[in-house]
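Undergrad: Please see the structure below; I have some questions.
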Number of protein chains: 2
Amino acid sequence: MEFSSKLLENAVSEMSQLPGIGKRTALRLVLHMLKQPASRTQLLADALVKMRTEVKFCKSCHNISDVDLCEICSNKSRATDTICVVEDVRDVMAIENTSSFKGIYHVLGGKISPMDGVGPHDLKIDSLINKVKQGEVKELIFALSSTMEGDTTNFYIYKQIQEYNVLTSTIARGISVGDELEYADEITLGRSIVNRIPFESSLKS
Amino acid sequence: MEFSSKLLENAVSEMSQLPGIGKRTALRLVLHMLKQPASRTQLLADALVKMRTEVKFCKSCHNISDVDLCEICSNKSRATDTICVVEDVRDVMAIENTSSFKGIYHVLGGKISPMDGVGPHDLKIDSLINKVKQGEVKELIFALSSTMEGDTTNFYIYKQIQEYNVLTSTIARGISVGDELEYADEITLGRSIVNRIPFESSLKS
């Protein structure tokens with residue numbers, strides 16, 4: 001791509017560093033900014049820089065927060081002995097949206113993935129295990145995505161806390177509500193049969 | 001979407017103002033920035049603001065440029081009496097990539113679109129007509145997209161310059177090179193038959 005302006009080229013090149021944004025999309029976005037007032041671009045730039053430099057992480061669950069202890073961790077009505085282990089902030093938001101979990105979270109910040117050079121010590125695993133060691137935890141719910149890396153991370157944590165008296169569970173895998181059986185993949189369908197639940201308890205939810 | 005941080009929410013909200021970027025995509029992009037060094041976000045922000053505030057437009061063809069007269073307009077080897085009328089910068093880049101045009105461009109900055117509140121005076125049409133009036137132009141090539149708005153804009157300009165001695169042409173519409181006839185739409189296929197070209201001239205290109 002040949003640009004008629006270095007400034008334009010530079011803006012497109014920086015924009016296309018973002019994941020999923022190619023050069024063409026970046027150019028479309030940058031040209032859109034040119035049609036908008038300059039103040040809009042300034043607002044965007046300020047919001048990004050301010051967020052990047054000032055954002056904090058909750059000292060307990062490592063979720064993104066504007067204060068030292070996030071709203072969920074500091075909420076007295078939540079069960080602090082039930083911890084849902086998730087990969088990142090988006091998972092917290094997704095589970096919070098369901099309004100079906102009243103415990104607290106622990107945000108690992110990723111999954112163990114040797115292929116990408118991410119080991120256990122690059123994640124917030126130690127602080128989770130410390131919480132367990134201090135006897136603060138009754139149940140750990142693993143809610144990582146169901147991939148090789150997710151399973152590895154679950155198992156790594158499980159091994160570390162095995163000697164302590166903690167319940168562990170993983171979120172249920174099965175056929176999505178409203179889905180047709182014939183379109184479900186074999187592994188999911190197989191697991192949903194093996195891990196079937198009493199009909200009476202399905203009536204409750 | 002419930003955010004755990006105002007800074008995060010603000011950054012996502014600004015990002016999702018861009019066309020084609022929804023809240024979810026914006027969140028993914030912003031979380032990606034959080035995993036990268038803060039200097040990367042600063043570079044992006046600076047590049048966007050610098051581009052938005054400092055970019056210039058060529059005083060002759062209105063293409064984006066770092067100088068008053070763009071590289072194409074100031075290139076002595078190009079035919080300044082043959083003007084290709086395009087909608088925006090991307091079209092200039094696309095045609096330049098083909099290396100098949102040796103004239104200069106005129107960037108309108110959009111198409112006449114009453115539905116979107118864009119009239120002839122919101123576009124760089126007057127300066128094009130002035131060039132024609134001054135007898136500087138031998139041929140105008142309309143290279144707007146083949147939509148109702150594109151056709152309206154072509155026709156509006158055509159009407160204004162009819163009394164002057166200027167050749168006008170539009171780029172050829174037809175079956176794309178390498179395409180199968182059976183998958184072409186009827187209008188394109190129909191036009192490609194009506195506007196057929198001598199076989200000998202097809203051998204040259």
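Identifiers in this document derive from the order of the structure tokens: chains are assigned A, B, ..., residues are numbered from 1 separately in each chain, and ligands are numbered from 1 in order of occurrence.
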Extract the full set of strand (DSSP E) residues from chain B according to DSSP on the backbone, and format it as a ChimeraX atom specification.

TA: /B:56-57,64-65,79-86,103-107,139-142,167-170

Undergrad: Give me, as a ChimeraX atom specification, the residues of chain A touching chain B, with the criterion being at most 9 Å (counting only C-alpha atoms).

TA: /A:1-15,17-20,27-34,37-38,40-56,63-67,70-72,89-90,93-94,96-97

Undergrad: Could you take the residues named above and write them with C-alpha atoms, as a CSV table (one decimal), in the first residue's frame?

TA:
```
chain,number,residue,atom,x,y,z
A,1,MET,CA,0.0,0.0,0.0
A,2,GLU,CA,1.4,3.4,-1.1
A,3,PHE,CA,0.4,6.3,1.1
A,4,SER,CA,0.4,9.9,-0.1
A,5,SER,CA,1.2,11.1,3.4
A,6,LYS,CA,3.7,9.9,6.1
A,7,LEU,CA,1.3,11.1,8.8
A,8,LEU,CA,-1.5,9.0,7.4
A,9,GLU,CA,0.9,6.0,6.9
A,10,ASN,CA,2.1,6.2,10.5
A,11,ALA,CA,-1.5,6.4,11.9
A,12,VAL,CA,-2.6,3.4,9.8
A,13,SER,CA,0.5,1.4,10.8
A,14,GLU,CA,0.0,2.0,14.5
A,15,MET,CA,-3.7,1.2,14.2
A,17,GLN,CA,-0.9,-3.3,15.3
A,18,LEU,CA,-4.2,-4.0,17.1
A,19,PRO,CA,-5.4,-7.6,16.8
A,20,GLY,CA,-7.9,-8.2,14.0
A,27,LEU,CA,-7.2,3.0,6.8
A,28,ARG,CA,-11.0,3.0,6.8
A,29,LEU,CA,-11.0,3.9,10.5
A,30,VAL,CA,-8.3,6.7,10.1
A,31,LEU,CA,-10.2,8.2,7.1
A,32,HIS,CA,-13.3,8.2,9.2
A,33,MET,CA,-11.5,10.2,11.9
A,34,LEU,CA,-10.5,12.7,9.3
A,37,PRO,CA,-13.9,16.9,14.2
A,38,ALA,CA,-10.4,16.8,15.5
A,40,ARG,CA,-13.2,13.3,18.6
A,41,THR,CA,-9.7,11.9,17.8
A,42,GLN,CA,-8.3,13.8,20.8
A,43,LEU,CA,-11.0,12.3,23.1
A,44,LEU,CA,-10.2,8.8,21.8
A,45,ALA,CA,-6.5,9.3,22.3
A,46,ASP,CA,-6.9,10.7,25.8
A,47,ALA,CA,-9.2,8.0,26.9
A,48,LEU,CA,-6.8,5.3,25.7
A,49,VAL,CA,-3.7,6.8,27.3
A,50,LYS,CA,-5.5,7.6,30.5
A,51,MET,CA,-6.9,4.1,30.8
A,52,ARG,CA,-3.6,2.5,30.0
A,53,THR,CA,-1.6,4.5,32.5
A,54,GLU,CA,-4.1,4.9,35.3
A,55,VAL,CA,-6.0,1.7,35.4
A,56,LYS,CA,-5.6,-0.4,38.5
A,63,ASN,CA,-9.8,-7.8,38.1
A,64,ILE,CA,-9.6,-4.3,36.5
A,65,SER,CA,-10.7,-1.7,39.0
A,66,ASP,CA,-10.5,2.0,39.7
A,67,VAL,CA,-9.8,1.3,43.4
A,70,CYS,CA,-12.8,-4.0,43.5
A,71,GLU,CA,-16.6,-3.6,43.9
A,72,ILE,CA,-17.2,-7.3,43.9
A,89,VAL,CA,-12.0,-9.4,32.8
A,90,ARG,CA,-14.4,-10.4,30.0
A,93,MET,CA,-18.4,-9.5,33.0
A,94,ALA,CA,-20.1,-12.4,31.2
A,96,GLU,CA,-21.9,-11.1,36.3
A,97,ASN,CA,-24.4,-10.6,33.5
```

Undergrad: For a test of reading the model, state the distance in Å between CA of Asp126 (chain A) and CA of Ile157 (chain A), rounded to one decimal.

TA: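 Computing the Euclidean distance for CA of Asp126 (chain A) and CA of Ile157 (chain A) yields 9.2 Å.
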
Undergrad: Rounded to one decimal in Å, what is the spacing between CA of Leu108 (chain B) and CA of Leu123 (chain B)?

TA: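 A separation of 5.4 Å between them.
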
Undergrad: Compile the contact shell of Asp179 (chain B) as a list of chain:residue names: residues with an atom at most 12 Å away, counting only C-alpha atoms, same-chain residues fewer than 6 positions apart removed.

TA: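 Near Asp179 (chain B), the qualifying residues are B:Asp185, B:Thr188, B:Leu189.
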
Undergrad: Residues as selected, N, CA and C atoms, written as a compact mmCIF listing (two decimals), in the first residue's frame, can you do that?

TA:
```txt
# COMPACT_ATOMS: atom_id res chain seq x y z
N ASP B 185 -23.68 -10.93 -11.93
CA ASP B 185 -25.06 -10.45 -11.84
C ASP B 185 -25.52 -9.99 -13.22
N THR B 188 -24.44 -6.37 -14.65
CA THR B 188 -23.04 -6.31 -15.07
C THR B 188 -22.83 -7.08 -16.37
N LEU B 189 -23.41 -8.28 -16.46
CA LEU B 189 -23.26 -9.11 -17.65
C LEU B 189 -23.90 -8.41 -18.85
```

Undergrad: Give the helix (DSSP H, G or I) residues of region 35-179 of chain B, as assigned by DSSP on the backbone, as a PyMOL selection string.

TA: chain B and resi 35+38-54+89-98+114-116+120-122+126-133+148-161

Undergrad: Could you tell me how far CA of Ser99 (chain B) sits from CA of Ser202 (chain B), in Å to one decimal place?

TA: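 These atoms are spaced 17.9 Å apart.
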
Undergrad: Got a sec: who's within 12 Å of Thr80 (chain A), counting only C-alpha atoms, leaving out chain neighbours fewer than 4 positions off, as a list in words?

TA: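 Skipping anything fewer than 4 positions along the chain leaves Ser60, Cys61, Ile72, Cys73, Ser74, Asn75, Lys76, Cys84, Phe101, Lys102, Gly103, Ile104, Tyr105, His106, Lys131, Val132, Gly135, Glu136, Val137, Lys138, Glu139 and Leu140 of chain A.
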
Undergrad: Save out the residues we just selected, N, CA and C atoms, as a PDB file, in the first residue's frame.

TA:
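Wrote out.pdb, looks like this:
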```pdb
ATOM      1  N   SER A  60      -6.973  -8.106  45.424  1.00  0.00           N
ATOM      2  CA  SER A  60      -7.395  -9.442  45.834  1.00  0.00           C
ATOM      3  C   SER A  60      -7.670 -10.351  44.635  1.00  0.00           C
ATOM      4  N   CYS A  61      -8.522  -9.898  43.713  1.00  0.00           N
ATOM      5  CA  CYS A  61      -8.925 -10.808  42.619  1.00  0.00           C
ATOM      6  C   CYS A  61      -8.240 -10.477  41.300  1.00  0.00           C
ATOM      7  N   ILE A  72     -16.689  -5.948  43.588  1.00  0.00           N
ATOM      8  CA  ILE A  72     -17.180  -7.297  43.898  1.00  0.00           C
ATOM      9  C   ILE A  72     -16.518  -7.811  45.175  1.00  0.00           C
ATOM     10  N   CYS A  73     -15.192  -7.657  45.293  1.00  0.00           N
ATOM     11  CA  CYS A  73     -14.473  -8.154  46.470  1.00  0.00           C
ATOM     12  C   CYS A  73     -14.891  -7.394  47.739  1.00  0.00           C
ATOM     13  N   SER A  74     -15.243  -6.115  47.576  1.00  0.00           N
ATOM     14  CA  SER A  74     -15.570  -5.328  48.765  1.00  0.00           C
ATOM     15  C   SER A  74     -17.066  -5.366  49.099  1.00  0.00           C
ATOM     16  N   ASN A  75     -17.825  -6.129  48.312  1.00  0.00           N
ATOM     17  CA  ASN A  75     -19.268  -6.253  48.548  1.00  0.00           C
ATOM     18  C   ASN A  75     -19.527  -7.264  49.669  1.00  0.00           C
ATOM     19  N   LYS A  76     -20.054  -6.775  50.799  1.00  0.00           N
ATOM     20  CA  LYS A  76     -20.222  -7.625  51.989  1.00  0.00           C
ATOM     21  C   LYS A  76     -21.215  -8.759  51.756  1.00  0.00           C
ATOM     22  N   CYS A  84     -14.559 -18.113  41.917  1.00  0.00           N
ATOM     23  CA  CYS A  84     -14.669 -18.546  40.526  1.00  0.00           C
ATOM     24  C   CYS A  84     -13.393 -18.119  39.802  1.00  0.00           C
ATOM     25  N   PHE A 101     -24.217 -15.925  40.073  1.00  0.00           N
ATOM     26  CA  PHE A 101     -23.079 -16.270  40.926  1.00  0.00           C
ATOM     27  C   PHE A 101     -22.937 -15.225  42.021  1.00  0.00           C
ATOM     28  N   LYS A 102     -22.896 -15.675  43.261  1.00  0.00           N
ATOM     29  CA  LYS A 102     -22.858 -14.739  44.384  1.00  0.00           C
ATOM     30  C   LYS A 102     -21.543 -14.798  45.157  1.00  0.00           C
ATOM     31  N   GLY A 103     -20.561 -15.520  44.604  1.00  0.00           N
ATOM     32  CA  GLY A 103     -19.260 -15.568  45.244  1.00  0.00           C
ATOM     33  C   GLY A 103     -18.361 -14.470  44.692  1.00  0.00           C
ATOM     34  N   ILE A 104     -17.027 -14.662  44.794  1.00  0.00           N
ATOM     35  CA  ILE A 104     -16.106 -13.685  44.218  1.00  0.00           C
ATOM     36  C   ILE A 104     -15.263 -14.359  43.121  1.00  0.00           C
ATOM     37  N   TYR A 105     -14.441 -13.563  42.473  1.00  0.00           N
ATOM     38  CA  TYR A 105     -13.678 -14.080  41.338  1.00  0.00           C
ATOM     39  C   TYR A 105     -12.190 -14.102  41.634  1.00  0.00           C
ATOM     40  N   HIS A 106     -11.449 -14.808  40.794  1.00  0.00           N
ATOM     41  CA  HIS A 106      -9.997 -14.679  40.771  1.00  0.00           C
ATOM     42  C   HIS A 106      -9.585 -14.669  39.297  1.00  0.00           C
ATOM     43  N   LYS A 131      -4.442 -17.922  49.062  1.00  0.00           N
ATOM     44  CA  LYS A 131      -5.780 -17.796  49.651  1.00  0.00           C
ATOM     45  C   LYS A 131      -6.257 -19.153  50.157  1.00  0.00           C
ATOM     46  N   VAL A 132      -6.011 -20.190  49.345  1.00  0.00           N
ATOM     47  CA  VAL A 132      -6.434 -21.540  49.739  1.00  0.00           C
ATOM     48  C   VAL A 132      -5.663 -21.989  50.985  1.00  0.00           C
ATOM     49  N   GLY A 135      -6.785 -20.984  54.298  1.00  0.00           N
ATOM     50  CA  GLY A 135      -8.067 -21.535  54.735  1.00  0.00           C
ATOM     51  C   GLY A 135      -9.254 -20.623  54.490  1.00  0.00           C
ATOM     52  N   GLU A 136      -9.071 -19.658  53.559  1.00  0.00           N
ATOM     53  CA  GLU A 136     -10.172 -18.712  53.313  1.00  0.00           C
ATOM     54  C   GLU A 136     -11.211 -19.267  52.337  1.00  0.00           C
ATOM     55  N   VAL A 137     -10.882 -20.390  51.686  1.00  0.00           N
ATOM     56  CA  VAL A 137     -11.686 -20.828  50.550  1.00  0.00           C
ATOM     57  C   VAL A 137     -12.400 -22.153  50.828  1.00  0.00           C
ATOM     58  N   LYS A 138     -13.689 -22.193  50.526  1.00  0.00           N
ATOM     59  CA  LYS A 138     -14.463 -23.417  50.668  1.00  0.00           C
ATOM     60  C   LYS A 138     -14.566 -24.133  49.324  1.00  0.00           C
ATOM     61  N   GLU A 139     -14.808 -23.355  48.277  1.00  0.00           N
ATOM     62  CA  GLU A 139     -14.953 -23.963  46.951  1.00  0.00           C
ATOM     63  C   GLU A 139     -14.272 -23.136  45.866  1.00  0.00           C
ATOM     64  N   LEU A 140     -13.573 -23.839  44.989  1.00  0.00           N
ATOM     65  CA  LEU A 140     -12.997 -23.218  43.791  1.00  0.00           C
ATOM     66  C   LEU A 140     -13.795 -23.694  42.588  1.00  0.00           C
TER      67      LEU A 140
END
```

Undergrad: Which residues are close to Ser169 (chain B), i.e. within 12 Å by only C-alpha atoms, leaving aside same-chain residues fewer than 6 positions away? Reply as a PyMOL selection string.

TA: chain B and resi 82-85+138-144+154-155+158
